[in-house]
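Reproduced below: run_8.txt, with compact mmCIF, C-alpha atoms.
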```txt
# COMPACT_ATOMS: atom_id res chain seq x y z
CA MET A 1 28.60 -9.33 -17.48
CA THR A 2 26.17 -10.46 -20.19
CA ARG A 3 23.63 -11.48 -17.57
CA ARG A 4 23.99 -8.13 -15.83
CA LEU A 5 23.43 -6.26 -19.10
CA ALA A 6 20.31 -8.30 -19.87
CA GLU A 7 18.85 -7.86 -16.38
CA VAL A 8 19.40 -4.10 -16.29
CA ALA A 9 18.12 -3.67 -19.86
CA LYS A 10 14.92 -5.56 -19.06
CA LYS A 11 14.31 -3.56 -15.88
CA VAL A 12 14.81 -0.18 -17.57
CA GLY A 13 13.11 -1.16 -20.83
CA VAL A 14 16.03 -0.42 -23.15
CA SER A 15 18.43 -2.51 -25.25
CA GLU A 16 21.53 -4.19 -23.89
CA ALA A 17 23.56 -2.01 -26.26
CA THR A 18 22.17 1.11 -24.56
CA VAL A 19 23.13 -0.25 -21.13
CA SER A 20 26.61 -1.03 -22.45
CA ARG A 21 27.01 2.54 -23.74
CA VAL A 22 26.09 3.94 -20.33
CA LEU A 23 28.47 1.63 -18.47
CA ASN A 24 31.31 2.50 -20.83
CA GLY A 25 30.62 6.23 -20.73
CA LYS A 26 29.88 6.48 -24.44
CA PRO A 27 27.65 9.20 -26.00
CA GLY A 28 24.31 8.71 -27.71
CA VAL A 29 22.20 8.12 -24.59
CA SER A 30 19.78 10.64 -23.08
CA GLU A 31 20.46 11.84 -19.54
CA ALA A 32 17.16 10.37 -18.30
CA THR A 33 18.03 6.92 -19.68
CA ARG A 34 21.54 7.18 -18.31
CA GLN A 35 20.26 7.95 -14.81
CA ALA A 36 17.70 5.15 -15.06
CA VAL A 37 20.41 2.63 -15.93
CA LEU A 38 22.66 3.77 -13.08
CA SER A 39 19.81 3.70 -10.59
CA THR A 40 18.81 0.23 -11.71
CA LEU A 41 22.37 -0.96 -11.11
CA ASP A 42 22.01 0.32 -7.54
CA VAL A 43 18.60 -1.31 -7.07
CA LEU A 44 19.79 -4.69 -8.37
CA GLY A 45 22.88 -4.60 -6.17
CA TYR A 46 25.50 -4.31 -8.91
CA GLU A 47 28.56 -2.12 -8.46
CA ARG A 48 28.84 0.87 -10.74
CA PRO A 49 31.82 0.98 -13.07
CA THR A 50 34.84 2.61 -11.43
CA GLN A 51 34.61 5.78 -13.49
CA LEU A 52 30.97 6.29 -12.44
CA ARG A 53 31.23 5.60 -8.71
CA GLY A 54 31.77 9.23 -7.86
CA GLU A 55 28.29 10.10 -9.06
CA ARG A 56 25.80 10.02 -6.24
CA ALA A 57 22.49 8.29 -6.92
CA ARG A 58 19.37 10.35 -6.51
CA LEU A 59 17.75 8.64 -3.52
CA VAL A 60 14.05 8.45 -2.66
CA GLY A 61 12.84 7.01 0.64
CA LEU A 62 10.04 4.45 0.43
CA VAL A 63 8.66 4.09 3.95
CA LEU A 64 6.40 1.12 4.71
CA PRO A 65 4.85 0.02 8.03
CA GLU A 66 5.54 -3.70 7.45
CA LEU A 67 6.10 -6.39 4.83
CA GLN A 68 3.92 -9.16 6.30
CA ASN A 69 0.80 -7.75 4.65
CA PRO A 70 1.33 -8.62 0.95
CA ILE A 71 -0.15 -5.28 -0.17
CA PHE A 72 2.99 -3.40 0.95
CA PRO A 73 5.54 -5.48 -1.00
CA ALA A 74 3.22 -5.07 -4.00
CA PHE A 75 3.28 -1.27 -3.66
CA ALA A 76 7.06 -1.38 -3.12
CA GLU A 77 7.57 -3.31 -6.36
CA VAL A 78 5.49 -0.90 -8.44
CA ILE A 79 6.85 2.29 -6.86
CA GLY A 80 10.44 1.07 -6.80
CA GLY A 81 10.34 0.07 -10.45
CA ALA A 82 8.78 3.36 -11.53
CA LEU A 83 11.37 5.35 -9.56
CA ALA A 84 14.24 3.42 -11.14
CA GLN A 85 12.92 4.15 -14.63
CA LEU A 86 13.19 7.84 -13.81
CA GLY A 87 16.75 7.55 -12.57
CA LEU A 88 15.75 7.67 -8.90
CA THR A 89 17.00 5.03 -6.46
CA PRO A 90 14.45 3.79 -3.90
CA VAL A 91 15.63 3.27 -0.32
CA LEU A 92 13.26 0.82 1.38
CA CYS A 93 12.51 1.67 5.01
CA THR A 94 10.40 -0.96 6.77
CA GLN A 95 9.31 -0.53 10.35
CA THR A 96 9.49 -3.40 12.81
CA LYS A 97 7.93 -3.67 16.24
CA GLY A 98 10.37 -2.32 18.77
CA GLY A 99 12.76 -1.34 15.99
CA VAL A 100 13.40 1.80 13.97
CA SER A 101 10.40 4.14 14.00
CA GLU A 102 9.00 6.15 11.12
CA ALA A 103 10.48 9.32 12.65
CA ASP A 104 13.90 7.62 12.94
CA TYR A 105 13.75 6.67 9.27
CA VAL A 106 12.92 10.25 8.31
CA GLU A 107 15.96 11.46 10.25
CA LEU A 108 18.17 8.91 8.47
CA LEU A 109 16.76 9.86 5.07
CA LEU A 110 17.37 13.55 5.72
CA GLN A 111 20.98 12.74 6.61
CA GLN A 112 21.28 10.97 3.24
CA GLN A 113 19.96 14.10 1.50
CA VAL A 114 17.17 12.23 -0.24
CA SER A 115 15.40 13.79 -3.20
CA GLY A 116 11.97 12.86 -1.80
CA VAL A 117 9.94 10.39 0.28
CA VAL A 118 6.94 8.19 -0.51
CA PHE A 119 4.98 6.91 2.48
CA ALA A 120 2.55 3.99 2.25
CA GLY A 121 0.38 3.09 5.22
CA GLY A 122 2.19 5.36 7.66
CA LEU A 123 1.36 7.29 10.80
CA TYR A 124 -0.16 10.04 8.64
CA ALA A 125 -3.30 7.87 8.52
CA GLN A 126 -3.70 7.87 12.32
CA ALA A 127 -5.09 11.04 13.86
CA ASP A 128 -3.66 10.35 17.35
CA ALA A 129 -0.15 9.37 16.20
CA PRO A 130 2.90 11.69 16.30
CA HIS A 131 3.32 13.74 13.14
CA ASP A 132 6.27 16.04 13.87
CA HIS A 133 8.53 14.22 11.38
CA TYR A 134 6.14 15.13 8.55
CA ARG A 135 6.37 18.80 9.50
CA GLN A 136 10.15 18.42 9.49
CA LEU A 137 10.01 17.25 5.87
CA ALA A 138 7.65 20.09 4.95
CA ASP A 139 9.89 22.68 6.63
CA ARG A 140 12.83 21.49 4.52
CA ASN A 141 10.73 21.46 1.33
CA ILE A 142 11.39 17.76 0.74
CA PRO A 143 9.00 16.35 -1.92
CA VAL A 144 6.58 13.92 -0.27
CA VAL A 145 3.68 11.79 -1.52
CA LEU A 146 1.33 9.78 0.70
CA VAL A 147 -0.34 6.56 -0.42
CA ASN A 148 -3.89 6.21 0.93
CA ALA A 149 -5.93 8.45 3.18
CA ALA A 150 -4.21 10.89 5.54
CA ILE A 151 -5.24 13.22 8.32
CA ASP A 152 -6.15 16.75 7.30
CA HIS A 153 -3.75 19.65 7.02
CA LEU A 154 -0.47 17.82 6.41
CA GLY A 155 -0.17 19.62 3.10
CA PHE A 156 1.17 16.74 1.00
CA PRO A 157 -0.37 15.29 -2.18
CA ALA A 158 -1.91 11.86 -1.69
CA VAL A 159 -2.90 8.93 -3.88
CA SER A 160 -5.78 6.93 -2.39
CA CYS A 161 -8.18 4.13 -3.13
CA ASP A 162 -11.77 5.30 -2.57
CA ASP A 163 -12.68 3.68 0.76
CA ALA A 164 -16.32 4.73 0.53
CA VAL A 165 -16.82 3.09 -2.87
CA ALA A 166 -15.03 -0.04 -1.64
CA VAL A 167 -17.45 -0.51 1.25
CA GLU A 168 -20.46 0.31 -0.89
CA GLN A 169 -19.44 -2.40 -3.37
CA ALA A 170 -18.88 -4.96 -0.62
CA TRP A 171 -22.08 -4.09 1.25
CA ARG A 172 -24.30 -4.20 -1.82
CA HIS A 173 -22.75 -7.52 -2.82
CA LEU A 174 -23.60 -9.08 0.56
CA ALA A 175 -27.06 -7.50 0.58
CA SER A 176 -27.76 -8.92 -2.89
CA LEU A 177 -27.00 -12.35 -1.44
CA GLY A 178 -29.66 -11.86 1.22
CA HIS A 179 -27.44 -10.90 4.15
CA GLU A 180 -29.26 -8.60 6.57
CA ARG A 181 -26.88 -8.77 9.54
CA ILE A 182 -23.65 -7.34 8.12
CA GLY A 183 -20.67 -6.36 10.26
CA LEU A 184 -17.38 -4.53 9.78
CA VAL A 185 -13.89 -5.36 10.99
CA LEU A 186 -11.91 -2.11 10.94
CA GLY A 187 -8.64 -0.67 12.21
CA PRO A 188 -8.33 1.65 15.25
CA ALA A 189 -10.82 4.47 15.77
CA ASP A 190 -8.29 7.15 14.75
CA HIS A 191 -7.41 5.35 11.49
CA ILE A 192 -8.65 7.59 8.66
CA PRO A 193 -9.29 4.89 5.98
CA SER A 194 -11.27 2.89 8.57
CA ALA A 195 -13.27 5.98 9.52
CA ARG A 196 -14.16 6.52 5.86
CA LYS A 197 -15.24 2.90 5.51
CA LEU A 198 -17.41 3.17 8.61
CA ALA A 199 -19.12 6.35 7.38
CA ALA A 200 -19.84 4.72 4.02
CA ALA A 201 -21.33 1.62 5.64
CA GLN A 202 -23.56 3.72 7.89
CA ALA A 203 -24.78 5.63 4.85
CA VAL A 204 -25.56 2.58 2.72
CA GLY A 205 -27.13 0.19 5.23
CA ASP A 206 -28.31 -0.62 8.75
CA LEU A 207 -25.22 -0.91 10.95
CA PRO A 208 -25.72 -1.22 14.73
CA GLU A 209 -22.74 -0.24 16.87
CA ALA A 210 -22.44 -3.87 18.01
CA HIS A 211 -21.76 -4.87 14.41
CA VAL A 212 -18.54 -2.82 14.25
CA ALA A 213 -15.39 -4.46 15.61
CA ARG A 214 -11.92 -2.93 15.66
CA ALA A 215 -8.58 -4.68 15.54
CA MET A 216 -4.92 -4.34 14.71
CA PHE A 217 -4.20 -5.17 11.07
CA SER A 218 -3.27 -8.85 11.36
CA ILE A 219 -4.79 -12.31 10.99
CA GLU A 220 -4.92 -12.61 14.77
CA GLY A 221 -6.66 -9.24 15.06
CA GLY A 222 -9.22 -10.27 12.46
CA HIS A 223 -9.84 -13.55 14.27
CA ALA A 224 -10.56 -11.82 17.58
CA ALA A 225 -12.74 -9.07 16.09
CA ALA A 226 -14.74 -11.39 13.83
CA THR A 227 -15.41 -13.74 16.74
CA ARG A 228 -17.23 -10.89 18.49
CA LEU A 229 -19.31 -10.20 15.38
CA ILE A 230 -20.18 -13.85 14.86
CA ASP A 231 -21.34 -14.05 18.46
CA GLN A 232 -23.66 -11.11 17.64
CA GLY A 233 -25.28 -13.16 14.88
CA VAL A 234 -23.61 -11.44 11.94
CA THR A 235 -23.66 -13.54 8.72
CA GLY A 236 -21.71 -11.19 6.43
CA ILE A 237 -18.37 -9.62 7.41
CA ILE A 238 -16.57 -6.80 5.55
CA CYS A 239 -12.92 -6.43 6.53
CA ALA A 240 -10.55 -3.48 6.11
CA SER A 241 -7.70 -5.71 4.83
CA ASP A 242 -7.13 -9.18 3.45
CA PRO A 243 -5.24 -10.45 6.54
CA LEU A 244 -8.20 -9.34 8.68
CA ALA A 245 -10.48 -11.29 6.35
CA LEU A 246 -8.33 -14.42 6.65
CA GLY A 247 -8.62 -14.04 10.41
CA ALA A 248 -12.41 -13.74 10.08
CA ILE A 249 -12.55 -17.01 8.11
CA ARG A 250 -10.52 -18.70 10.81
CA ALA A 251 -12.85 -17.30 13.48
CA ALA A 252 -15.93 -18.71 11.73
CA ARG A 253 -14.33 -22.13 11.45
CA ARG A 254 -13.29 -22.10 15.11
CA ARG A 255 -16.96 -21.50 15.92
CA GLY A 256 -17.86 -24.54 13.81
CA LEU A 257 -19.39 -22.44 11.01
CA GLY A 258 -18.84 -22.92 7.29
CA VAL A 259 -17.49 -20.22 4.98
CA PRO A 260 -19.39 -19.24 2.86
CA SER A 261 -22.34 -21.53 3.71
CA GLN A 262 -23.01 -19.88 7.08
CA VAL A 263 -20.74 -16.83 7.17
CA SER A 264 -19.63 -14.75 4.16
CA VAL A 265 -16.39 -12.76 4.31
CA VAL A 266 -15.15 -9.89 2.11
CA GLY A 267 -11.56 -8.60 2.26
CA TYR A 268 -9.90 -5.45 1.02
CA ASP A 269 -6.77 -5.03 -1.17
CA ASP A 270 -6.76 -8.22 -3.31
CA SER A 271 -3.17 -8.80 -2.27
CA ALA A 272 -1.06 -11.72 -3.47
CA PHE A 273 -2.41 -15.26 -3.22
CA MET A 274 -5.94 -14.32 -2.14
CA ASN A 275 -7.19 -16.41 -5.06
CA CYS A 276 -5.30 -19.38 -3.60
CA THR A 277 -6.85 -19.40 -0.12
CA GLU A 278 -9.53 -21.87 0.90
CA PRO A 279 -12.05 -20.68 0.00
CA PRO A 280 -10.63 -18.12 -2.48
CA LEU A 281 -11.26 -14.71 -0.95
CA THR A 282 -13.89 -12.30 -2.24
CA THR A 283 -12.21 -8.93 -1.84
CA VAL A 284 -12.13 -5.33 -3.06
CA ARG A 285 -9.09 -4.74 -5.26
CA GLN A 286 -6.95 -1.64 -4.96
CA PRO A 287 -5.52 -0.57 -8.34
CA ILE A 288 -1.93 -0.89 -7.09
CA GLU A 289 -0.23 -0.37 -10.45
CA ALA A 290 -2.10 2.84 -11.27
CA MET A 291 -1.79 4.22 -7.75
CA GLY A 292 1.92 3.45 -7.46
CA ARG A 293 2.75 5.06 -10.80
CA ALA A 294 0.65 8.12 -9.96
CA ALA A 295 2.50 8.51 -6.67
CA VAL A 296 5.85 8.42 -8.49
CA GLU A 297 4.65 10.92 -11.09
CA LEU A 298 3.60 13.33 -8.33
CA LEU A 299 6.92 12.92 -6.56
CA ASN A 300 8.98 13.33 -9.73
CA ALA A 301 7.11 16.50 -10.62
CA GLN A 302 8.08 17.97 -7.25
CA VAL A 303 11.68 16.79 -7.58
CA ASN A 304 11.84 18.64 -10.91
CA GLY A 305 10.59 21.86 -9.33
CA THR A 306 6.91 21.74 -10.28
CA VAL A 307 4.49 22.97 -7.62
CA VAL A 308 2.02 20.15 -6.91
CA ALA A 309 -1.27 20.93 -5.15
CA PRO A 310 -1.79 19.04 -1.86
CA ASP A 311 -4.82 17.26 -3.28
CA GLU A 312 -5.91 13.65 -2.90
CA LEU A 313 -6.26 11.61 -6.07
CA LEU A 314 -9.01 9.00 -5.56
CA PHE A 315 -8.78 5.75 -7.49
CA GLU A 316 -11.76 3.46 -8.10
CA PRO A 317 -11.62 0.01 -6.46
CA GLU A 318 -13.03 -3.17 -7.99
CA LEU A 319 -15.00 -5.91 -6.27
CA VAL A 320 -13.53 -9.33 -7.06
CA VAL A 321 -16.08 -12.06 -6.29
CA ARG A 322 -14.63 -15.44 -5.36
CA GLY A 323 -15.60 -18.29 -3.06
CA SER A 324 -15.82 -16.69 0.41
CA THR A 325 -19.29 -15.19 -0.15
CA ALA A 326 -22.60 -16.92 -0.87
CA GLN A 327 -26.33 -16.70 -0.21
CA ALA A 328 -27.19 -15.89 3.39
CA PRO A 329 -28.16 -18.93 5.47
CA ARG A 330 -31.87 -19.45 5.92
CA PRO A 331 -33.23 -18.92 9.46
```

Please express the file's structure as structure tokens.
Amino acid sequence: MTRRLAEVAKKVGVSEATVSRVLNGKPGVSEATRQAVLSTLDVLGYERPTQLRGERARLVGLVLPELQNPIFPAFAEVIGGALAQLGLTPVLCTQTKGGVSEADYVELLLQQQVSGVVFAGGLYAQADAPHDHYRQLADRNIPVVLVNAAIDHLGFPAVSCDDAVAVEQAWRHLASLGHERIGLVLGPADHIPSARKLAAAQAVGDLPEAHVARAMFSIEGGHAAATRLIDQGVTGIICASDPLALGAIRAARRRGLGVPSQVSVVGYDDSAFMNCTEPPLTTVRQPIEAMGRAAVELLNAQVNGTVVAPDELLFEPELVVRGSTAQAPRP
């Protein structure tokens, strides 16, 4: 019991005495703190006291495309923690290949009468994907927030990292190192964040069509796409995710080329352990903490009845220079 009190108190940011008062139904605790404590019990997997089990937790769906890319667990941790502090219980919905689809999860969440849904990296970012389940949420006036760029006209507020600034930072970094043949490894053609990155690269530098390779977001996809760029003579590669960048490093090595001595690679996200790779990955960092908390604030405002404009909040990325980039090789 003492361990449970300490764990819940630390998560919520209150004293153990406050947690004890909530669990024992004693007065002197604000309703917001009370809900936060109860939600944290749910999140941590503890049973509520018998007298409180009849109270239904306020549920919020957190829909992610996968957990293999470390950026999504990072967003889940920030968003889940911020929701719990507000007395909202996150319900993690992770898609798997051949498993439950995003639309299926939306149907399940609607059956659970969720208070809202946060999507990160969903089908809303792909122009050619099905979007009927988003309209279903809108028709029922369910509060929704999207993390990172979405297609137009969905009508939901979004919290995004500025893809254009990210590519500009990466491109100028490689150019300053003397790289003239720079290529991009991006997601599918209908992927909105990738389209923004491509437009930014075309605006800032010389980018032949042959220097743009597309792939699924995985190490294997990055390996295949980067191999094509390396065969085109590219010496600097900007990738749309860190796993793609790790695949690009592997591709260079399979071609017998050194990283960064012969090929420089820049990732995107600065997800977990990118400073522990060999070489440590130069990447563009998304401000995950600020973005996640902003997403929760937007959702909570809607849950509380505030009308939120369907605008996109753009957050500034930060180039983190490590060991995967260096001076361009001399001819």

Go through A:Val43, A:Val165, A:Val22, A:Leu110 one by one, measure the shortest atom-to-atom distance of each to Pro143 in chain A using only C-alpha atoms, and give the residue with the smallest value.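 The shortest atom-to-atom distance to Pro143 in chain A comes from A:Leu110.
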
Tell me, in Å to one decimal, how far CA of Val29 in chain A is from CA of Val114 in chain A.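 Computed distance, CA of Val29 in chain A to CA of Val114 in chain A, equals 25.2 Å.
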
Distance query Arg285 in chain A at most 9 Å, all atoms listed in the file, self and fewer than 4 positions along chain excluded, as a ChimeraX atom specification: /A:166,267-271,317-320

Suppose you want the space between CA of Val167 in chain A and CA of Glu102 in chain A; what is it in Å?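 Separation between CA of Val167 in chain A and CA of Glu102 in chain A: 29.0 Å.
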
Residues of range 175-238 of chain A that approach range 58-81 of chain A to 10 Å or less, counting all atoms listed in the file: could you list each one with the shortest pair of atoms and its distance in Å to one decimal, rows by chain and increasing residue number, as CSV?
```
residue,atom,partner,partner_atom,distance
A:Phe217,CA,A:Asn69,CA,8.5
A:Ser218,CA,A:Asn69,CA,7.9
A:Ile219,CA,A:Asn69,CA,9.6
```

Is there a way to get, as JSON, numbers by chain, all residues within 12 Å of the point (-7.8, 7.3, 4.3) in file coordinates, counting only C-alpha atoms? {"A": [120, 121, 122, 123, 124, 125, 126, 127, 146, 147, 148, 149, 150, 151, 152, 158, 159, 160, 161, 162, 163, 164, 166, 187, 190, 191, 192, 193, 194, 195, 196, 197, 198, 199, 240, 312, 313, 314, 315]}

Contacts of Thr235 in chain A at 10 Å (all atoms listed in the file; same-chain gap of 5+ positions) as a PyMOL selection string: chain A and resi 174+178-183+229-230+252+259-265+327-329

Could you check how far CA of Gly155 in chain A sits from CA of Asp139 in chain A, in Å to one decimal?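 Separation between CA of Gly155 in chain A and CA of Asp139 in chain A: 11.1 Å.
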
Mind working out the centre and edge lengths of an axis-aligned box for range 269-287 of chain A, all listed atoms inside, 3 Å added to each side, rounded to one decimal in Å and written as lines of an AutoDock Vina configuration file?
```
center_x = -7.5
center_y = -11.2
center_z = -3.7
size_x = 18.8
size_y = 27.3
size_z = 15.2
```

Give the answer as one residue: which of A:Asn304, A:Ser241, A:Asn24, A:Thr40 has the shortest atom-to-atom distance to Gln85 in chain A, using all atoms listed in the file?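 Under the stated criterion, the closest residue is A:Thr40.
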
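Nearest to Ala215 in chain A of all the residues A:Leu5, A:Leu83, A:Ala248, A:Ile142 is A:Ala248, counting only C-alpha atoms.
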
Nearest to Val284 in chain A among A:Ile249, A:Ala326, A:Val234, A:Ala170, with distances taken over all atoms listed in the file: which residue is it?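 Ranked by minimum distance to Val284 in chain A, first place goes to A:Ala170.
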
Is there a way to get, as number ranges by chain, all residues within 12 Å of the point (19.0, 1.8, -27.9) in file coordinates, counting only C-alpha atoms? A: 9, 12-22, 27-30, 33-34
